[in-house]
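Novice: Structure file protein.tsv (TSV, C-alpha atoms) right here:
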```tsv
chain	number	residue	atom	x	y	z
B	1	MET	CA	106.09	182.91	83.32
B	2	PRO	CA	106.75	179.48	84.86
B	3	VAL	CA	105.22	176.59	82.94
B	4	PHE	CA	105.27	174.03	85.75
B	5	ILE	CA	102.10	171.95	85.93
B	6	SER	CA	100.59	171.32	89.34
B	7	ASP	CA	100.33	167.66	90.36
B	8	LYS	CA	96.99	168.20	92.09
B	9	MET	CA	95.12	167.22	88.94
B	10	ASP	CA	92.93	164.11	88.78
B	11	PRO	CA	95.15	160.98	88.36
B	12	GLY	CA	92.78	159.54	85.79
B	13	ARG	CA	92.99	162.68	83.70
B	14	LEU	CA	96.77	162.66	83.96
B	15	ASN	CA	96.89	159.02	82.82
B	16	ARG	CA	94.68	159.83	79.82
B	17	ARG	CA	97.02	162.66	78.85
B	18	ARG	CA	100.02	160.36	79.05
B	19	PHE	CA	98.28	157.63	77.10
B	20	LEU	CA	97.23	159.94	74.26
B	21	PHE	CA	100.61	161.64	74.08
B	22	PHE	CA	102.73	158.49	73.97
B	23	SER	CA	100.22	156.69	71.74
B	24	GLY	CA	100.60	159.49	69.20
B	25	ILE	CA	104.39	159.15	69.29
B	26	LEU	CA	104.21	155.36	68.90
B	27	LEU	CA	101.68	155.61	66.06
B	28	LEU	CA	103.74	158.09	64.05
B	29	THR	CA	107.01	156.26	64.71
B	30	GLY	CA	105.47	152.88	63.86
B	31	LEU	CA	104.04	154.15	60.58
B	32	ALA	CA	107.32	155.77	59.54
B	33	THR	CA	109.29	152.67	60.58
B	34	TRP	CA	107.03	150.42	58.52
B	35	LEU	CA	107.52	152.57	55.42
B	36	MET	CA	111.30	152.73	55.95
B	37	ALA	CA	111.56	148.98	56.58
B	38	ASP	CA	109.49	148.24	53.48
B	39	LEU	CA	111.95	150.30	51.46
B	40	LEU	CA	115.03	148.59	52.90
B	41	TRP	CA	114.13	144.92	53.08
B	42	ARG	CA	112.92	144.38	49.51
B	43	ASP	CA	116.28	142.84	48.62
B	44	GLY	CA	117.04	141.62	52.13
B	45	LEU	CA	118.47	143.51	55.07
B	46	THR	CA	122.22	143.88	55.36
B	47	GLY	CA	124.00	144.79	58.58
B	48	ILE	CA	124.38	148.40	57.46
B	49	GLU	CA	120.70	148.66	56.53
B	50	LEU	CA	119.63	147.18	59.85
B	51	THR	CA	121.82	149.72	61.67
B	52	LEU	CA	120.29	152.46	59.53
B	53	LEU	CA	116.80	151.29	60.44
B	54	VAL	CA	117.55	151.29	64.17
B	55	LEU	CA	118.98	154.81	63.98
B	56	PHE	CA	115.97	155.91	61.94
B	57	VAL	CA	113.56	154.65	64.62
B	58	ILE	CA	115.42	156.47	67.40
B	59	LEU	CA	115.70	159.76	65.52
B	60	PHE	CA	112.16	159.70	64.15
B	61	ALA	CA	110.77	158.99	67.63
B	62	HIS	CA	112.49	162.18	68.80
B	63	ILE	CA	110.92	164.14	65.94
B	64	ALA	CA	107.51	162.59	66.63
B	65	ALA	CA	107.77	163.58	70.31
B	66	GLY	CA	108.43	167.19	69.31
B	67	PHE	CA	105.55	167.15	66.84
B	68	CYS	CA	103.10	165.72	69.39
B	69	THR	CA	104.25	168.24	71.99
B	70	ALA	CA	103.57	171.11	69.56
B	71	VAL	CA	100.14	169.72	68.62
B	72	VAL	CA	99.17	169.39	72.27
B	73	GLY	CA	100.45	172.91	72.93
B	74	PHE	CA	98.37	174.28	70.04
B	75	TYR	CA	95.29	172.58	71.49
B	76	VAL	CA	95.97	173.86	75.02
B	77	ILE	CA	96.56	177.46	73.90
B	78	HIS	CA	93.39	177.59	71.81
B	79	ARG	CA	91.22	176.20	74.60
B	80	GLY	CA	92.28	178.97	76.96
B	81	GLY	CA	95.27	177.39	78.67
B	82	ASP	CA	95.79	174.52	81.06
B	83	ASN	CA	93.80	174.79	84.28
B	84	CYS	CA	96.56	172.85	86.07
B	85	ARG	CA	99.21	175.55	85.54
B	86	ILE	CA	100.88	176.35	88.82
B	87	THR	CA	100.45	180.08	88.13
B	88	ARG	CA	96.72	179.61	88.67
B	89	THR	CA	97.30	178.69	92.30
B	90	LEU	CA	98.07	182.33	93.16
B	91	PRO	CA	95.06	184.26	94.42
B	92	ALA	CA	93.92	187.24	92.41
B	93	GLY	CA	95.20	190.50	93.83
B	94	GLU	CA	97.27	190.25	97.01
B	95	LEU	CA	100.13	187.76	97.08
B	96	PRO	CA	100.66	185.41	100.05
B	97	SER	CA	103.47	186.12	102.51
B	98	LEU	CA	106.95	185.39	101.19
B	99	ALA	CA	109.86	183.49	102.72
B	100	SER	CA	113.57	184.29	102.83
B	101	THR	CA	115.13	183.73	99.41
B	102	ALA	CA	118.72	183.79	98.16
B	103	VAL	CA	119.27	185.00	94.60
B	104	VAL	CA	122.54	183.34	93.62
B	105	MET	CA	124.72	184.22	90.63
B	106	PRO	CA	127.87	182.10	90.09
B	107	VAL	CA	130.53	183.80	87.93
B	108	PHE	CA	133.81	182.69	86.35
B	109	ASN	CA	135.96	185.31	84.63
B	110	GLU	CA	132.86	187.05	83.29
B	111	ASP	CA	132.50	190.56	81.91
B	112	VAL	CA	132.36	192.46	85.21
B	113	SER	CA	130.35	195.42	83.93
B	114	ARG	CA	127.77	193.10	82.35
B	115	VAL	CA	127.35	190.97	85.48
B	116	PHE	CA	126.95	193.82	87.95
B	117	GLU	CA	124.78	195.93	85.67
B	118	GLY	CA	122.41	192.98	85.32
B	119	LEU	CA	122.37	192.53	89.08
B	120	ARG	CA	121.67	196.24	89.55
B	121	VAL	CA	118.66	195.98	87.23
B	122	ILE	CA	117.33	192.95	89.12
B	123	PHE	CA	117.86	194.61	92.51
B	124	ARG	CA	116.06	197.79	91.44
B	125	SER	CA	113.21	195.78	90.00
B	126	VAL	CA	112.77	193.85	93.27
B	127	GLN	CA	112.85	197.16	95.17
B	128	GLU	CA	109.91	198.38	93.11
B	129	THR	CA	107.81	195.41	94.27
B	130	LYS	CA	108.20	196.52	97.93
B	131	LYS	CA	109.29	192.96	98.79
B	132	LEU	CA	113.04	193.50	98.98
B	133	GLU	CA	113.26	192.46	102.63
B	134	HIS	CA	112.65	188.82	101.59
B	135	PHE	CA	115.60	188.65	99.18
B	136	ASP	CA	119.39	188.57	99.53
B	137	PHE	CA	121.72	188.61	96.51
B	138	PHE	CA	124.99	186.70	96.19
B	139	ILE	CA	127.78	186.91	93.65
B	140	LEU	CA	129.68	183.62	93.93
B	141	SER	CA	133.02	184.04	92.19
B	142	ASP	CA	135.23	181.24	90.91
B	143	SER	CA	137.35	183.61	88.82
B	144	ASN	CA	140.99	182.49	88.69
B	145	GLN	CA	142.66	185.73	87.60
B	146	PRO	CA	143.79	188.17	90.36
B	147	ASN	CA	142.93	191.24	88.26
B	148	GLN	CA	139.46	189.82	87.79
B	149	TRP	CA	138.95	189.45	91.55
B	150	ILE	CA	139.88	193.09	92.08
B	151	LYS	CA	137.49	194.27	89.36
B	152	GLU	CA	134.68	192.19	90.83
B	153	GLU	CA	135.25	193.46	94.37
B	154	VAL	CA	135.43	197.07	93.23
B	155	ALA	CA	132.26	196.65	91.16
B	156	TRP	CA	130.50	195.04	94.15
B	157	VAL	CA	131.39	197.94	96.45
B	158	GLU	CA	130.27	200.49	93.85
B	159	LEU	CA	127.00	198.64	93.29
B	160	CYS	CA	126.24	198.52	97.02
B	161	LYS	CA	126.87	202.27	97.24
B	162	GLN	CA	124.63	203.02	94.25
B	163	VAL	CA	121.60	201.01	95.35
B	164	GLY	CA	122.07	200.97	99.13
B	165	GLY	CA	122.73	197.26	98.98
B	166	LEU	CA	125.07	196.79	101.95
B	167	GLY	CA	123.70	193.86	103.92
B	168	LYS	CA	121.59	192.75	100.93
B	169	ILE	CA	124.19	192.17	98.20
B	170	PHE	CA	127.12	189.90	99.03
B	171	TYR	CA	130.28	188.90	97.21
B	172	ARG	CA	132.20	185.70	97.85
B	173	LYS	CA	135.40	184.36	96.28
B	174	ARG	CA	135.99	180.64	96.84
B	175	ARG	CA	139.48	179.54	97.84
B	176	GLN	CA	139.17	176.10	96.24
B	177	THR	CA	137.38	176.12	92.89
B	178	ILE	CA	136.28	172.51	92.60
B	179	ASN	CA	133.40	171.04	90.55
B	180	LYS	CA	132.94	174.28	88.63
B	181	LYS	CA	129.53	176.00	88.80
B	182	ALA	CA	127.71	173.10	90.46
B	183	GLY	CA	130.38	172.93	93.15
B	184	ASN	CA	130.16	176.68	93.69
B	185	VAL	CA	126.42	176.56	94.29
B	186	ALA	CA	126.67	173.41	96.42
B	187	ASP	CA	129.35	174.98	98.63
B	188	PHE	CA	127.16	178.05	99.15
B	189	LEU	CA	124.19	175.90	100.12
B	190	ARG	CA	126.25	173.87	102.61
B	191	ARG	CA	127.57	176.99	104.33
B	192	TRP	CA	124.63	179.41	104.20
B	193	GLY	CA	121.67	177.52	102.78
B	194	ARG	CA	120.06	177.02	106.19
B	195	ARG	CA	119.36	180.76	106.35
B	196	TYR	CA	117.01	180.65	103.37
B	197	ARG	CA	113.96	178.63	102.45
B	198	TYR	CA	114.38	179.13	98.71
B	199	ALA	CA	117.15	179.86	96.22
B	200	VAL	CA	116.98	181.31	92.74
B	201	VAL	CA	120.07	180.41	90.69
B	202	LEU	CA	120.87	182.71	87.78
B	203	ASP	CA	123.47	182.58	85.02
B	204	ALA	CA	125.98	185.40	84.89
B	205	ASP	CA	124.15	186.96	81.93
B	206	SER	CA	120.62	186.44	83.28
B	207	ILE	CA	118.08	189.15	84.04
B	208	MET	CA	114.79	188.60	85.88
B	209	THR	CA	112.11	191.07	86.78
B	210	GLY	CA	111.29	191.65	90.42
B	211	ARG	CA	107.69	190.70	89.73
B	212	ALA	CA	108.78	187.31	88.37
B	213	LEU	CA	110.97	186.65	91.41
B	214	VAL	CA	108.18	187.56	93.82
B	215	GLN	CA	105.70	185.35	91.96
B	216	LEU	CA	108.11	182.41	91.95
B	217	VAL	CA	108.50	182.58	95.73
B	218	ALA	CA	104.76	183.09	96.20
B	219	MET	CA	104.00	180.00	94.12
B	220	MET	CA	106.42	177.93	96.18
B	221	GLU	CA	104.72	179.14	99.36
B	222	ARG	CA	101.29	178.26	97.98
B	223	ASN	CA	102.34	174.79	96.79
B	224	LEU	CA	104.24	173.06	99.57
B	225	HIS	CA	104.31	169.77	97.62
B	226	VAL	CA	106.44	171.41	94.90
B	227	GLY	CA	110.22	171.05	94.99
B	228	ILE	CA	111.30	173.12	92.00
B	229	ILE	CA	109.78	175.57	89.54
B	230	GLN	CA	111.56	176.19	86.27
B	231	THR	CA	110.69	178.30	83.27
B	232	ALA	CA	112.16	178.65	79.79
B	233	PRO	CA	114.62	181.53	79.27
B	234	ARG	CA	114.44	183.98	76.39
B	235	ILE	CA	117.26	185.65	74.53
B	236	VAL	CA	117.22	189.44	74.90
B	237	ASN	CA	119.24	191.83	72.72
B	238	GLY	CA	121.25	189.10	71.02
B	239	GLU	CA	123.83	190.61	68.66
B	240	SER	CA	125.12	187.74	66.51
B	241	LEU	CA	123.16	186.34	63.56
B	242	TYR	CA	122.74	183.02	65.34
B	243	ALA	CA	121.43	184.74	68.49
B	244	ARG	CA	118.93	186.75	66.47
B	245	ILE	CA	117.69	183.64	64.64
B	246	GLN	CA	117.37	181.80	67.94
B	247	SER	CA	115.53	184.73	69.51
B	248	PHE	CA	113.11	184.86	66.56
B	249	ALA	CA	112.44	181.12	66.74
B	250	ASN	CA	112.04	181.32	70.52
B	251	ARG	CA	109.28	183.91	70.26
B	252	LEU	CA	107.64	182.37	67.19
B	253	TYR	CA	106.94	178.80	68.24
B	254	SER	CA	108.29	178.21	71.75
B	255	PRO	CA	104.85	179.06	73.28
B	256	LEU	CA	103.47	175.94	71.54
B	257	PHE	CA	106.17	173.69	72.97
B	258	LEU	CA	105.95	175.24	76.43
B	259	ALA	CA	102.19	174.79	76.57
B	260	GLY	CA	102.58	171.22	75.28
```
Can the structure from this file be put into structure tokens for me?
Specialist:
Amino acid sequence: MPVFISDKMDPGRLNRRRFLFFSGILLLTGLATWLMADLLWRDGLTGIELTLLVLFVILFAHIAAGFCTAVVGFYVIHRGGDNCRITRTLPAGELPSLASTAVVMPVFNEDVSRVFEGLRVIFRSVQETKKLEHFDFFILSDSNQPNQWIKEEVAWVELCKQVGGLGKIFYRKRRQTINKKAGNVADFLRRWGRRYRYAVVLDADSIMTGRALVQLVAMMERNLHVGIIQTAPRIVNGESLYARIQSFANRLYSPLFLAG
């Protein structure tokens, strides 16, 4: 679920949070720097040792920030969560009315079967929420191989036939592929963005549940002062050793960092 924190909280409380968080980082970094400096300057500081000390301060401050974030997250989780989470702005039960939303997926020479199977899963999941009329889906292709274009277009037609997605699922191949993925999304927004109030931008290998998409749009509708909601992705069905290790770490301690 999204971990965005609403900015409707008391300013004084927000300032106290900031003060405690950054004070903890400064305290830990200052203590570690004092110990490191005491070790280095016993025989006088050389240029190399001074450079080492500066790098130590920068790197240790980064570690201290991570540690303080995890400590805060541990505290938040064990006190029942943060009452300023934006998810708490949704009323219990019925969701508010939704607005038109574009689900955008830029692709560049991707595995065609993987991309369109993921989109099929997302489309079906949104159908099950009974809110499909609020969503349109776009495959924005920057692929530069003619055979790839043909595969993508064939897969798009087949997908529309399978799920009844004509008029809901669109495919677009740019003529000029400039500025890579960011340029692809920007060009879409310039040409068709006025038709939609919100956009959800996915990677080519992303999957989202229909319930999550509906809740994201509902939270935007309930919080008109909010410009963007972002959540942390999770690795699903990773095959390599590195992916499995990352997936394990993600599920083991990422809740602490997200809450922090």
Novice: Using all atoms listed in the file, which residue out of B:Val157, B:Leu59, B:Val126, B:Leu256 lies closest to Ile77 of chain B?
Specialist: B:Leu256
Novice: Box in all listed atoms of segment 24-29 of chain B, axis-aligned, with 4 Å more on each side; write out centre and edge lengths in Å to one decimal as lines of an AutoDock Vina configuration file.
Specialist:
```
center_x = 103.8
center_y = 157.4
center_z = 66.7
size_x = 14.4
size_y = 12.1
size_z = 13.2
```
Novice: Set the distance at 10 Å and use only C-alpha atoms: which residues neighbour segment 107-122 of chain B once local chain neighbours fewer than 2 positions away are removed? I'd like the list as number ranges by chain.
Specialist: B: 103-105, 124-127, 137-145, 147-149, 151-156, 158-160, 162-163, 165, 169, 173, 177, 180-181, 184, 202-211, 213
Novice: In Å to one decimal, how far is atom CA of Ile229 of chain B from atom CA of Leu14 of chain B?
Specialist: 19.2 Å
Novice: In terms of the shortest atom-to-atom distance over only C-alpha atoms, which of B:Lys161, B:Leu40, B:Phe188, B:Ala64 is closest to Arg174 of chain B?
Specialist: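 Between B:Lys161, B:Leu40, B:Phe188, B:Ala64, the residue approaching Arg174 of chain B most closely is B:Phe188.
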Novice: Take the point (116.9, 186.9, 71.7) as written in the file and pick out every residue within 9 Å of it, counting all atoms listed in the file; give the list as a ChimeraX atom specification.
Specialist: /B:234-239,243-251
Novice: Between atom CA of Ile178 of chain B and atom CA of Gly193 of chain B, what is the distance in Å, rounded to a tenth?
Specialist: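 Between atom CA of Ile178 of chain B and atom CA of Gly193 of chain B the gap works out to 18.5 Å.
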